[in-house]
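What follows is a set of notes on a single structure, which appears directly below.
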Amino acid sequence: MNEPTTQVIEELSHKVLALKQKRHAVILAHNYQVDEVQAIADFTGDSLELSRRAVDTDAEVIVFCGVHFMAESAAILNPEKTVLLPAWYAGCPMADMVTPEKLNRMKQQYPGVPVVAYVNTSAAVKAESDICCTSANVVNVINSLASDRVICIPDKNLAAYAQQFTSKQIIAWKGFCIVHNLVTVKMVKKARSEHPGALFIAHPECPMPVLKLADHVTSTSGMLRYARKSSASEFIIGTERGLLYNLRKENPDKRFYILSDDPTPWDLPMLTCQNMKRTTLELVVRSLENMETVITVPEETRIRAKTALDRMLAIPRG
Ligand code: 13P
Ligand code: SF4
């Protein structure tokens with residue numbers, strides 16, 4: 001990845017600001033975006049916060065700096081607004097691990113068992129699901145259901161994490177996040193030996209043996225809240241490295257270490273989501289200039305997917 005120079009970042013940031021006003025747009029950016037994109041966003045947040053922002057905004061245009069399923073959720077919730085995804089090819093490999101056809105085959109195996117779909121799924125899959133969840137509310141969502149069994153798609157690690165906090169039986173899809181699933185116990189032990197005083201905070205998309213070693217397990221924005229409130233001064237971060245931007249900005253006196261910089265099989269350092277890094281300032285400018293790429297969802301799918309998202313959003317924060 002070529003790092004843009006400070007001057008280029010400044011020039012592009014000014015262009016974004018001017019275009020944003022011209023288009024009456026709001027820029028939402030996920031906590032994993034590159035620093036300069038987070039810096040120009042109106043709101044940064046985790047998946048749940050960004051879904052809520054997408055509902056609350058008065059803007060006519062939503063520029064979603066994230067991956068495809070996130071922009072799709074914004075489009076599902078706001079049919080009257082224009083939702084733009086600057087990097088139209090930014091997908092989520094975990095979301096691609098479940099299709100409506102495969103899900104419907106599983107539903108036939110477990111008739112009447114409700115489906116809880118992580119927001120990291122396509123609109124077509126959400127449309128076949130009963131309710132959505134994010135890593136911030138998965139336990140509350142599962143416990144809100146009347147059934148004593150639930151199907152959780154697509155993340156087996158999130159399902160295993162949630163199983164610890166519910167008496168309901170979770171039937172888990174076998175998907176995983178290709179970024180978090182690579183985290184190992186060995187990496188945690190190494191980081192702990194290098195930073196003996198640091199707390200280890202992990203995302204629930206990490207495998208269970210890793211989560212067992214964590215001082216705290218939570219969503220990306222949950223990590224920001226935890227670091228802000230904690231009296232500790234050093235933290236090992238077990239999630240995508242983009243979160244370091246806000247952790248360091250909000251806590252200049254605290255130190256944050258990414259869990260591992262080891263190379264991955266695709267040659268990027270550990271805890272780098274290639275898809276989240278596809279959005280650049282150039283693409284945000286181009287997106288606002290040309291009003292591209294507009295994300296839409298067929299109406300019949302949208303209405304059914306919206307029911308699953310609305311049910312999630314109706315669950316009180318807790
Ligand atoms: P949260 O920001 O909701 O914790 O999600 C993490 C993630 O993997 C999004 O793709
Ligand atoms: Fe998908 Fe994982 Fe990247 Fe999130 S971090 S977008 S779950 S691949």
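The way I read the labels, and the way they are meant: chains A, B, ... in the order of the structure tokens, residue 1 as the first residue of every chain, and ligand 1 as the first ligand shown, with later ones counted on from there.
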Site check for ligand 1: residues at most 8 Å away, only C-alpha atoms and all ligand atoms, as a list in words: His30, Asn31, Tyr32, Gly45, Asp46, Ser47, Leu48, Glu49, Val67, Cys92, Asn120, Thr134, Ser135, Ala136, Cys177, His203, Glu205, Thr218, Ser219, Thr220, Ser221, Gly222, Glu240 and Met276 of chain A
Within 6 Å of ligand 2 (only C-alpha atoms and all ligand atoms), residues as an NGL selection string: :A and (92-94 or 177-179 or 273 or 275)
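Residue nearest A:Gln33, chosen from A:Ile236, A:Ile295, A:Ala87, A:Ile62 and counting only C-alpha atoms: A:Ala87.
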Å distance separating atom CA of A:Pro265 from atom CA of A:Leu158, one decimal place: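 That distance, rounded to one decimal, is 23.0 Å.
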Backbone DSSP call of strand (DSSP E or B) for stretch 86-244 of chain A, listed as a PyMOL selection string: chain A and resi 115-118+131-133+149-153+155+169-172+175+199-202+216-217+234-238
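Every protein or nucleic acid residue with an atom no more than 10 Å from A:Gly112, counting only C-alpha atoms and leaving out same-chain residues fewer than 5 positions away, appears here: Lys107, Ser147, Arg149 and Val150 of chain A.
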Residue subset to file, keeping all heavy atoms, as a short mmCIF file (atom, residue, chain, number, x, y, z; two decimals), in the first residue's frame:
```
data_model
loop_
_atom_site.label_atom_id
_atom_site.label_comp_id
_atom_site.auth_asym_id
_atom_site.auth_seq_id
_atom_site.Cartn_x
_atom_site.Cartn_y
_atom_site.Cartn_z
N LYS A 107 -32.09 -23.99 7.31
CA LYS A 107 -33.38 -23.73 7.98
C LYS A 107 -34.30 -24.95 7.88
O LYS A 107 -35.06 -25.24 8.80
CB LYS A 107 -34.05 -22.49 7.36
CG LYS A 107 -33.45 -21.18 7.89
CD LYS A 107 -33.82 -19.98 7.06
CE LYS A 107 -35.26 -19.58 7.13
NZ LYS A 107 -35.50 -18.30 6.39
N SER A 147 -37.39 -18.53 21.53
CA SER A 147 -36.98 -19.92 21.28
C SER A 147 -35.79 -20.33 22.17
O SER A 147 -34.94 -19.49 22.50
CB SER A 147 -36.58 -20.03 19.82
OG SER A 147 -35.90 -21.21 19.58
N ARG A 149 -33.60 -22.48 21.11
CA ARG A 149 -32.51 -22.76 20.16
C ARG A 149 -32.45 -21.64 19.14
O ARG A 149 -33.51 -21.14 18.72
CB ARG A 149 -32.75 -24.08 19.41
CG ARG A 149 -32.54 -25.30 20.29
CD ARG A 149 -32.32 -26.54 19.45
NE ARG A 149 -33.44 -26.83 18.56
CZ ARG A 149 -33.43 -27.78 17.64
NH1 ARG A 149 -32.34 -28.52 17.45
NH2 ARG A 149 -34.47 -28.01 16.88
N VAL A 150 -31.26 -21.25 18.72
CA VAL A 150 -31.13 -20.22 17.67
C VAL A 150 -30.03 -20.63 16.69
O VAL A 150 -29.06 -21.28 17.09
CB VAL A 150 -30.79 -18.81 18.25
CG1 VAL A 150 -31.90 -18.27 19.12
CG2 VAL A 150 -29.49 -18.80 19.01
#
```
Selected residue of minimal separation from A:Thr166 among A:Gln7, A:Val139, A:Lys190, A:Arg278, counting only C-alpha atoms: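 Checking each of A:Gln7, A:Val139, A:Lys190, A:Arg278 against A:Thr166, counting only C-alpha atoms, the winner is A:Val139.
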Closest of A:Val183, A:Ile27, A:Leu199, A:Ile151 to A:Ser231 - atom-to-atom distances counting only C-alpha atoms: A:Leu199
Within 12 Å of A:Phe165 using only C-alpha atoms, minus same-chain residues under 3 positions, as a ChimeraX atom specification: /A:137-143,158-162,168-170
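The coordinates place atom CA of A:Val26 at 24.5 Å from atom CA of A:Ala308.
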Any idea what's packed within 7 Å of A:Cys152, counting only C-alpha atoms, ignoring anything in its chain fewer than 2 positions away? Could you give it as a PDB file with C-alpha atoms, in the first residue's frame?
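Resulting contents of selection05.pdb:
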```pdb
ATOM      1  CA  VAL A 115     -31.965 -17.170  12.492  1.00  0.00           C
ATOM      2  CA  VAL A 116     -29.742 -14.470  13.997  1.00  0.00           C
ATOM      3  CA  ALA A 117     -27.698 -12.895  11.194  1.00  0.00           C
ATOM      4  CA  VAL A 150     -31.133 -20.224  17.675  1.00  0.00           C
ATOM      5  CA  PRO A 154     -22.053 -16.687   9.659  1.00  0.00           C
ATOM      6  CA  ALA A 159     -21.347 -17.762  18.119  1.00  0.00           C
ATOM      7  CA  ILE A 170     -26.644 -21.905  19.526  1.00  0.00           C
ATOM      8  CA  ILE A 171     -26.431 -23.726  16.207  1.00  0.00           C
ATOM      9  CA  ALA A 172     -23.463 -22.051  14.525  1.00  0.00           C
ATOM     10  CA  TRP A 173     -22.686 -21.554  10.850  1.00  0.00           C
TER      11      TRP A 173
END
```
Could you please write out, as a compact mmCIF listing (two decimals) with N, CA, C and O atoms, in the first residue's frame, every residue of stretch 20-262 of chain A that DSSP assigns to alpha helix (DSSP H)?
```txt
# COMPACT_ATOMS: atom_id res chain seq x y z
N LYS A 20 -18.61 17.53 -0.01
CA LYS A 20 -19.59 17.06 0.97
C LYS A 20 -20.70 18.11 1.16
O LYS A 20 -21.88 17.78 1.20
N GLN A 21 -20.29 19.38 1.23
CA GLN A 21 -21.28 20.45 1.38
C GLN A 21 -22.14 20.56 0.13
O GLN A 21 -23.36 20.68 0.21
N LYS A 22 -21.50 20.51 -1.01
CA LYS A 22 -22.22 20.63 -2.28
C LYS A 22 -23.28 19.54 -2.41
O LYS A 22 -24.39 19.78 -2.88
N ARG A 23 -22.94 18.33 -1.99
CA ARG A 23 -23.84 17.17 -2.16
C ARG A 23 -24.77 16.94 -0.98
O ARG A 23 -25.54 15.98 -0.97
N ASP A 35 -6.31 5.90 8.42
CA ASP A 35 -6.37 7.09 9.29
C ASP A 35 -6.95 8.32 8.60
O ASP A 35 -7.80 9.02 9.15
N GLU A 36 -6.46 8.60 7.37
CA GLU A 36 -6.88 9.85 6.72
C GLU A 36 -8.36 9.83 6.34
O GLU A 36 -8.99 10.88 6.25
N VAL A 37 -8.91 8.66 6.14
CA VAL A 37 -10.36 8.57 5.86
C VAL A 37 -11.14 8.75 7.16
O VAL A 37 -12.14 9.48 7.21
N GLN A 38 -10.67 8.14 8.25
CA GLN A 38 -11.34 8.36 9.54
C GLN A 38 -11.31 9.85 9.90
O GLN A 38 -12.26 10.38 10.45
N ALA A 39 -10.19 10.52 9.54
CA ALA A 39 -10.04 11.93 9.92
C ALA A 39 -11.06 12.84 9.23
O ALA A 39 -11.46 13.86 9.81
N ILE A 40 -11.51 12.50 8.03
CA ILE A 40 -12.46 13.38 7.34
C ILE A 40 -13.93 12.96 7.57
O ILE A 40 -14.86 13.61 7.09
N SER A 47 -20.09 -1.32 13.83
CA SER A 47 -21.18 -1.60 12.89
C SER A 47 -22.53 -1.14 13.44
O SER A 47 -23.36 -0.62 12.70
N LEU A 48 -22.74 -1.33 14.74
CA LEU A 48 -24.03 -0.96 15.33
C LEU A 48 -24.20 0.55 15.34
O LEU A 48 -25.24 1.08 14.93
N GLU A 49 -23.17 1.26 15.78
CA GLU A 49 -23.26 2.73 15.81
C GLU A 49 -23.49 3.30 14.42
O GLU A 49 -24.28 4.23 14.25
N LEU A 50 -22.80 2.76 13.44
CA LEU A 50 -22.95 3.29 12.07
C LEU A 50 -24.35 2.99 11.52
O LEU A 50 -24.92 3.82 10.81
N SER A 51 -24.92 1.83 11.88
CA SER A 51 -26.31 1.54 11.46
C SER A 51 -27.25 2.57 12.07
O SER A 51 -28.16 3.08 11.42
N ARG A 52 -27.03 2.88 13.36
CA ARG A 52 -27.89 3.88 14.02
C ARG A 52 -27.70 5.25 13.38
O ARG A 52 -28.66 5.99 13.18
N ARG A 53 -26.46 5.63 13.08
CA ARG A 53 -26.19 6.92 12.42
C ARG A 53 -26.90 6.98 11.08
O ARG A 53 -27.43 8.03 10.68
N ALA A 54 -26.88 5.87 10.35
CA ALA A 54 -27.51 5.84 9.02
C ALA A 54 -29.01 6.10 9.13
O ALA A 54 -29.61 6.68 8.23
N VAL A 55 -29.61 5.69 10.25
CA VAL A 55 -31.05 5.93 10.44
C VAL A 55 -31.29 7.38 10.83
O VAL A 55 -32.23 8.02 10.38
N ASP A 56 -30.41 7.91 11.68
CA ASP A 56 -30.64 9.25 12.28
C ASP A 56 -30.35 10.41 11.33
O ASP A 56 -30.85 11.51 11.55
N HIS A 68 -18.99 -3.56 1.61
CA HIS A 68 -20.26 -3.58 0.90
C HIS A 68 -21.47 -3.82 1.80
O HIS A 68 -22.47 -3.11 1.71
N PHE A 69 -21.37 -4.80 2.73
CA PHE A 69 -22.57 -5.10 3.53
C PHE A 69 -22.98 -3.91 4.39
O PHE A 69 -24.15 -3.74 4.72
N MET A 70 -22.03 -3.06 4.76
CA MET A 70 -22.34 -1.90 5.60
C MET A 70 -23.13 -0.86 4.79
O MET A 70 -24.12 -0.30 5.27
N ALA A 71 -22.67 -0.60 3.56
CA ALA A 71 -23.38 0.34 2.70
C ALA A 71 -24.76 -0.21 2.36
O ALA A 71 -25.75 0.54 2.31
N GLU A 72 -24.83 -1.52 2.18
CA GLU A 72 -26.12 -2.15 1.89
C GLU A 72 -27.09 -1.94 3.06
O GLU A 72 -28.26 -1.63 2.85
N SER A 73 -26.59 -2.09 4.29
CA SER A 73 -27.45 -1.88 5.46
C SER A 73 -27.98 -0.44 5.47
O SER A 73 -29.15 -0.20 5.76
N ALA A 74 -27.09 0.51 5.15
CA ALA A 74 -27.53 1.91 5.09
C ALA A 74 -28.61 2.09 4.02
O ALA A 74 -29.59 2.81 4.22
N ALA A 75 -28.44 1.43 2.89
CA ALA A 75 -29.43 1.52 1.79
C ALA A 75 -30.75 0.86 2.19
O ALA A 75 -31.83 1.35 1.84
N ILE A 76 -30.67 -0.23 2.94
CA ILE A 76 -31.89 -0.93 3.39
C ILE A 76 -32.68 -0.01 4.32
O ILE A 76 -33.91 0.09 4.24
N LEU A 77 -31.96 0.70 5.18
CA LEU A 77 -32.62 1.53 6.19
C LEU A 77 -33.07 2.88 5.63
O LEU A 77 -33.91 3.54 6.23
N PRO A 100 -28.21 -17.16 0.49
CA PRO A 100 -29.60 -17.46 0.85
C PRO A 100 -29.93 -18.94 0.62
O PRO A 100 -30.62 -19.55 1.43
N GLU A 101 -29.40 -19.51 -0.47
CA GLU A 101 -29.70 -20.92 -0.78
C GLU A 101 -29.17 -21.83 0.31
O GLU A 101 -29.89 -22.71 0.81
N LYS A 102 -27.92 -21.63 0.70
CA LYS A 102 -27.32 -22.49 1.74
C LYS A 102 -28.04 -22.28 3.07
O LYS A 102 -28.26 -23.22 3.82
N LEU A 103 -28.39 -21.04 3.36
CA LEU A 103 -29.09 -20.77 4.62
C LEU A 103 -30.44 -21.47 4.63
O LEU A 103 -30.84 -22.08 5.64
N ASN A 104 -31.14 -21.41 3.51
CA ASN A 104 -32.47 -22.05 3.47
C ASN A 104 -32.38 -23.56 3.64
O ASN A 104 -33.25 -24.17 4.24
N ARG A 105 -31.28 -24.15 3.15
CA ARG A 105 -31.09 -25.59 3.38
C ARG A 105 -30.91 -25.86 4.88
O ARG A 105 -31.45 -26.80 5.43
N MET A 106 -30.18 -24.99 5.56
CA MET A 106 -29.98 -25.18 7.01
C MET A 106 -31.31 -24.98 7.76
O MET A 106 -31.62 -25.70 8.71
N LYS A 107 -32.09 -23.99 7.31
CA LYS A 107 -33.38 -23.73 7.98
C LYS A 107 -34.30 -24.95 7.88
O LYS A 107 -35.06 -25.24 8.80
N GLN A 108 -34.20 -25.66 6.74
CA GLN A 108 -35.04 -26.86 6.59
C GLN A 108 -34.63 -27.95 7.58
O GLN A 108 -35.44 -28.73 8.03
N GLN A 109 -33.35 -27.95 7.94
CA GLN A 109 -32.87 -28.95 8.92
C GLN A 109 -33.37 -28.62 10.33
O GLN A 109 -33.46 -29.50 11.18
N ALA A 123 -27.65 -8.45 1.91
CA ALA A 123 -29.07 -8.10 2.09
C ALA A 123 -29.94 -9.32 1.82
O ALA A 123 -30.93 -9.56 2.52
N ALA A 124 -29.56 -10.13 0.82
CA ALA A 124 -30.36 -11.31 0.46
C ALA A 124 -30.38 -12.32 1.61
O ALA A 124 -31.40 -12.97 1.85
N VAL A 125 -29.28 -12.43 2.34
CA VAL A 125 -29.23 -13.34 3.50
C VAL A 125 -30.02 -12.74 4.67
O VAL A 125 -30.77 -13.45 5.36
N LYS A 126 -29.88 -11.44 4.87
CA LYS A 126 -30.66 -10.80 5.96
C LYS A 126 -32.16 -11.02 5.71
O LYS A 126 -32.94 -11.20 6.65
N ALA A 127 -32.54 -10.96 4.43
CA ALA A 127 -33.96 -11.11 4.09
C ALA A 127 -34.49 -12.49 4.48
O ALA A 127 -35.69 -12.65 4.71
N VAL A 138 -24.83 -8.96 20.27
CA VAL A 138 -25.19 -10.34 19.93
C VAL A 138 -25.87 -11.07 21.09
O VAL A 138 -26.88 -11.76 20.90
N VAL A 139 -25.38 -10.88 22.31
CA VAL A 139 -25.96 -11.62 23.45
C VAL A 139 -27.37 -11.11 23.74
O VAL A 139 -28.31 -11.90 23.93
N ASN A 140 -27.54 -9.78 23.74
CA ASN A 140 -28.87 -9.21 23.97
C ASN A 140 -29.86 -9.67 22.90
O ASN A 140 -31.02 -9.94 23.20
N VAL A 141 -29.40 -9.72 21.66
CA VAL A 141 -30.28 -10.14 20.56
C VAL A 141 -30.71 -11.59 20.78
O VAL A 141 -31.91 -11.91 20.73
N ILE A 142 -29.77 -12.47 21.06
CA ILE A 142 -30.11 -13.89 21.24
C ILE A 142 -31.06 -14.05 22.43
O ILE A 142 -32.07 -14.75 22.34
N ASN A 143 -30.76 -13.36 23.51
CA ASN A 143 -31.60 -13.52 24.71
C ASN A 143 -32.98 -12.88 24.55
O ASN A 143 -33.88 -13.16 25.33
N LYS A 156 -18.61 -18.49 13.31
CA LYS A 156 -18.55 -19.52 14.36
C LYS A 156 -17.88 -18.99 15.63
O LYS A 156 -18.22 -19.41 16.74
N ASN A 157 -16.95 -18.05 15.48
CA ASN A 157 -16.25 -17.53 16.67
C ASN A 157 -17.17 -16.62 17.49
O ASN A 157 -17.21 -16.70 18.73
N LEU A 158 -17.94 -15.78 16.80
CA LEU A 158 -18.89 -14.91 17.51
C LEU A 158 -19.94 -15.78 18.20
O LEU A 158 -20.35 -15.49 19.34
N ALA A 159 -20.35 -16.86 17.54
CA ALA A 159 -21.35 -17.76 18.12
C ALA A 159 -20.79 -18.42 19.38
O ALA A 159 -21.48 -18.50 20.42
N ALA A 160 -19.53 -18.87 19.33
CA ALA A 160 -18.92 -19.52 20.50
C ALA A 160 -18.78 -18.52 21.66
O ALA A 160 -19.01 -18.86 22.82
N TYR A 161 -18.45 -17.29 21.32
CA TYR A 161 -18.35 -16.24 22.34
C TYR A 161 -19.72 -16.03 23.00
O TYR A 161 -19.84 -16.03 24.23
N ALA A 162 -20.76 -15.90 22.18
CA ALA A 162 -22.10 -15.63 22.70
C ALA A 162 -22.62 -16.81 23.54
O ALA A 162 -23.34 -16.60 24.53
N GLN A 163 -22.22 -18.02 23.15
CA GLN A 163 -22.72 -19.21 23.86
C GLN A 163 -22.38 -19.16 25.36
O GLN A 163 -23.12 -19.71 26.19
N VAL A 185 -3.02 -18.28 20.10
CA VAL A 185 -2.62 -18.21 21.51
C VAL A 185 -1.13 -17.84 21.60
O VAL A 185 -0.71 -17.05 22.45
N LYS A 186 -0.34 -18.39 20.67
CA LYS A 186 1.11 -18.11 20.66
C LYS A 186 1.37 -16.60 20.50
O LYS A 186 2.23 -16.03 21.17
N MET A 187 0.59 -15.96 19.63
CA MET A 187 0.76 -14.52 19.42
C MET A 187 0.44 -13.75 20.70
O MET A 187 1.11 -12.78 21.05
N VAL A 188 -0.62 -14.19 21.39
CA VAL A 188 -1.01 -13.49 22.62
C VAL A 188 0.10 -13.65 23.66
O VAL A 188 0.50 -12.68 24.31
N LYS A 189 0.63 -14.87 23.79
CA LYS A 189 1.68 -15.11 24.79
C LYS A 189 2.92 -14.27 24.48
O LYS A 189 3.54 -13.69 25.37
N LYS A 190 3.26 -14.18 23.20
CA LYS A 190 4.44 -13.39 22.80
C LYS A 190 4.22 -11.91 23.15
O LYS A 190 5.08 -11.26 23.75
N ALA A 191 3.06 -11.39 22.78
CA ALA A 191 2.78 -9.97 23.04
C ALA A 191 2.76 -9.69 24.55
O ALA A 191 3.26 -8.67 25.01
N ARG A 192 2.20 -10.63 25.31
CA ARG A 192 2.15 -10.43 26.77
C ARG A 192 3.57 -10.43 27.36
O ARG A 192 3.85 -9.67 28.28
N SER A 193 4.46 -11.27 26.80
CA SER A 193 5.83 -11.29 27.35
C SER A 193 6.57 -10.00 26.95
O SER A 193 7.41 -9.51 27.70
N GLU A 194 6.23 -9.42 25.81
CA GLU A 194 6.89 -8.17 25.39
C GLU A 194 6.33 -6.95 26.13
O GLU A 194 7.01 -5.95 26.29
N MET A 208 -11.93 -18.89 20.09
CA MET A 208 -12.20 -19.01 21.53
C MET A 208 -10.95 -19.15 22.41
O MET A 208 -10.86 -18.48 23.45
N PRO A 209 -9.94 -19.99 22.04
CA PRO A 209 -8.76 -20.09 22.90
C PRO A 209 -8.08 -18.73 23.11
O PRO A 209 -7.51 -18.47 24.17
N VAL A 210 -8.17 -17.86 22.12
CA VAL A 210 -7.59 -16.51 22.23
C VAL A 210 -8.47 -15.66 23.16
O VAL A 210 -7.97 -14.95 24.05
N LEU A 211 -9.78 -15.76 22.98
CA LEU A 211 -10.70 -14.95 23.80
C LEU A 211 -10.55 -15.30 25.28
O LEU A 211 -10.67 -14.45 26.15
N THR A 220 -15.47 -3.08 18.34
CA THR A 220 -14.42 -2.07 18.17
C THR A 220 -14.70 -0.81 19.01
O THR A 220 -13.82 -0.31 19.70
N SER A 221 -15.96 -0.33 18.99
CA SER A 221 -16.24 0.86 19.79
C SER A 221 -16.27 0.52 21.28
O SER A 221 -15.98 1.39 22.12
N GLY A 222 -16.61 -0.74 21.60
CA GLY A 222 -16.51 -1.19 22.99
C GLY A 222 -15.06 -1.09 23.47
O GLY A 222 -14.79 -0.71 24.62
N MET A 223 -14.13 -1.37 22.60
CA MET A 223 -12.70 -1.26 22.95
C MET A 223 -12.33 0.21 23.22
O MET A 223 -11.57 0.50 24.12
N LEU A 224 -12.88 1.10 22.40
CA LEU A 224 -12.59 2.53 22.60
C LEU A 224 -13.11 2.98 23.96
O LEU A 224 -12.43 3.67 24.71
N ARG A 225 -14.34 2.54 24.30
CA ARG A 225 -14.91 2.93 25.60
C ARG A 225 -14.08 2.34 26.74
O ARG A 225 -13.80 3.01 27.73
N TYR A 226 -13.70 1.07 26.60
CA TYR A 226 -12.94 0.38 27.65
C TYR A 226 -11.60 1.09 27.89
O TYR A 226 -11.22 1.35 29.04
N ALA A 227 -10.89 1.42 26.82
CA ALA A 227 -9.57 2.06 26.96
C ALA A 227 -9.70 3.45 27.60
O ALA A 227 -8.88 3.85 28.42
N ARG A 228 -10.77 4.14 27.22
CA ARG A 228 -11.01 5.49 27.76
C ARG A 228 -11.21 5.43 29.27
O ARG A 228 -10.65 6.20 30.03
N LYS A 229 -12.02 4.45 29.72
CA LYS A 229 -12.39 4.38 31.14
C LYS A 229 -11.33 3.71 32.00
O LYS A 229 -11.26 3.95 33.20
N LEU A 244 -6.38 1.56 15.98
CA LEU A 244 -5.32 2.28 16.70
C LEU A 244 -5.45 3.80 16.51
O LEU A 244 -5.08 4.57 17.39
N TYR A 245 -6.01 4.22 15.38
CA TYR A 245 -6.12 5.66 15.10
C TYR A 245 -6.91 6.37 16.20
O TYR A 245 -6.43 7.31 16.82
N ASN A 246 -8.12 5.91 16.47
CA ASN A 246 -8.93 6.57 17.50
C ASN A 246 -8.45 6.25 18.91
O ASN A 246 -8.58 7.08 19.81
N LEU A 247 -7.92 5.03 19.12
CA LEU A 247 -7.40 4.70 20.46
C LEU A 247 -6.32 5.71 20.84
O LEU A 247 -6.31 6.26 21.94
N ARG A 248 -5.39 5.95 19.91
CA ARG A 248 -4.26 6.86 20.21
C ARG A 248 -4.71 8.32 20.26
O ARG A 248 -4.24 9.09 21.10
N LYS A 249 -5.64 8.68 19.38
CA LYS A 249 -6.13 10.07 19.36
C LYS A 249 -6.84 10.41 20.66
O LYS A 249 -6.65 11.48 21.24
N GLU A 250 -7.66 9.45 21.13
CA GLU A 250 -8.46 9.74 22.33
C GLU A 250 -7.67 9.58 23.63
O GLU A 250 -8.11 10.05 24.67
```
Residue nearest A:Ser144 among A:Arg311, A:Ser260, A:Glu292, A:Thr301 (counting only C-alpha atoms):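 Closest residue, counting only C-alpha atoms: A:Arg311.
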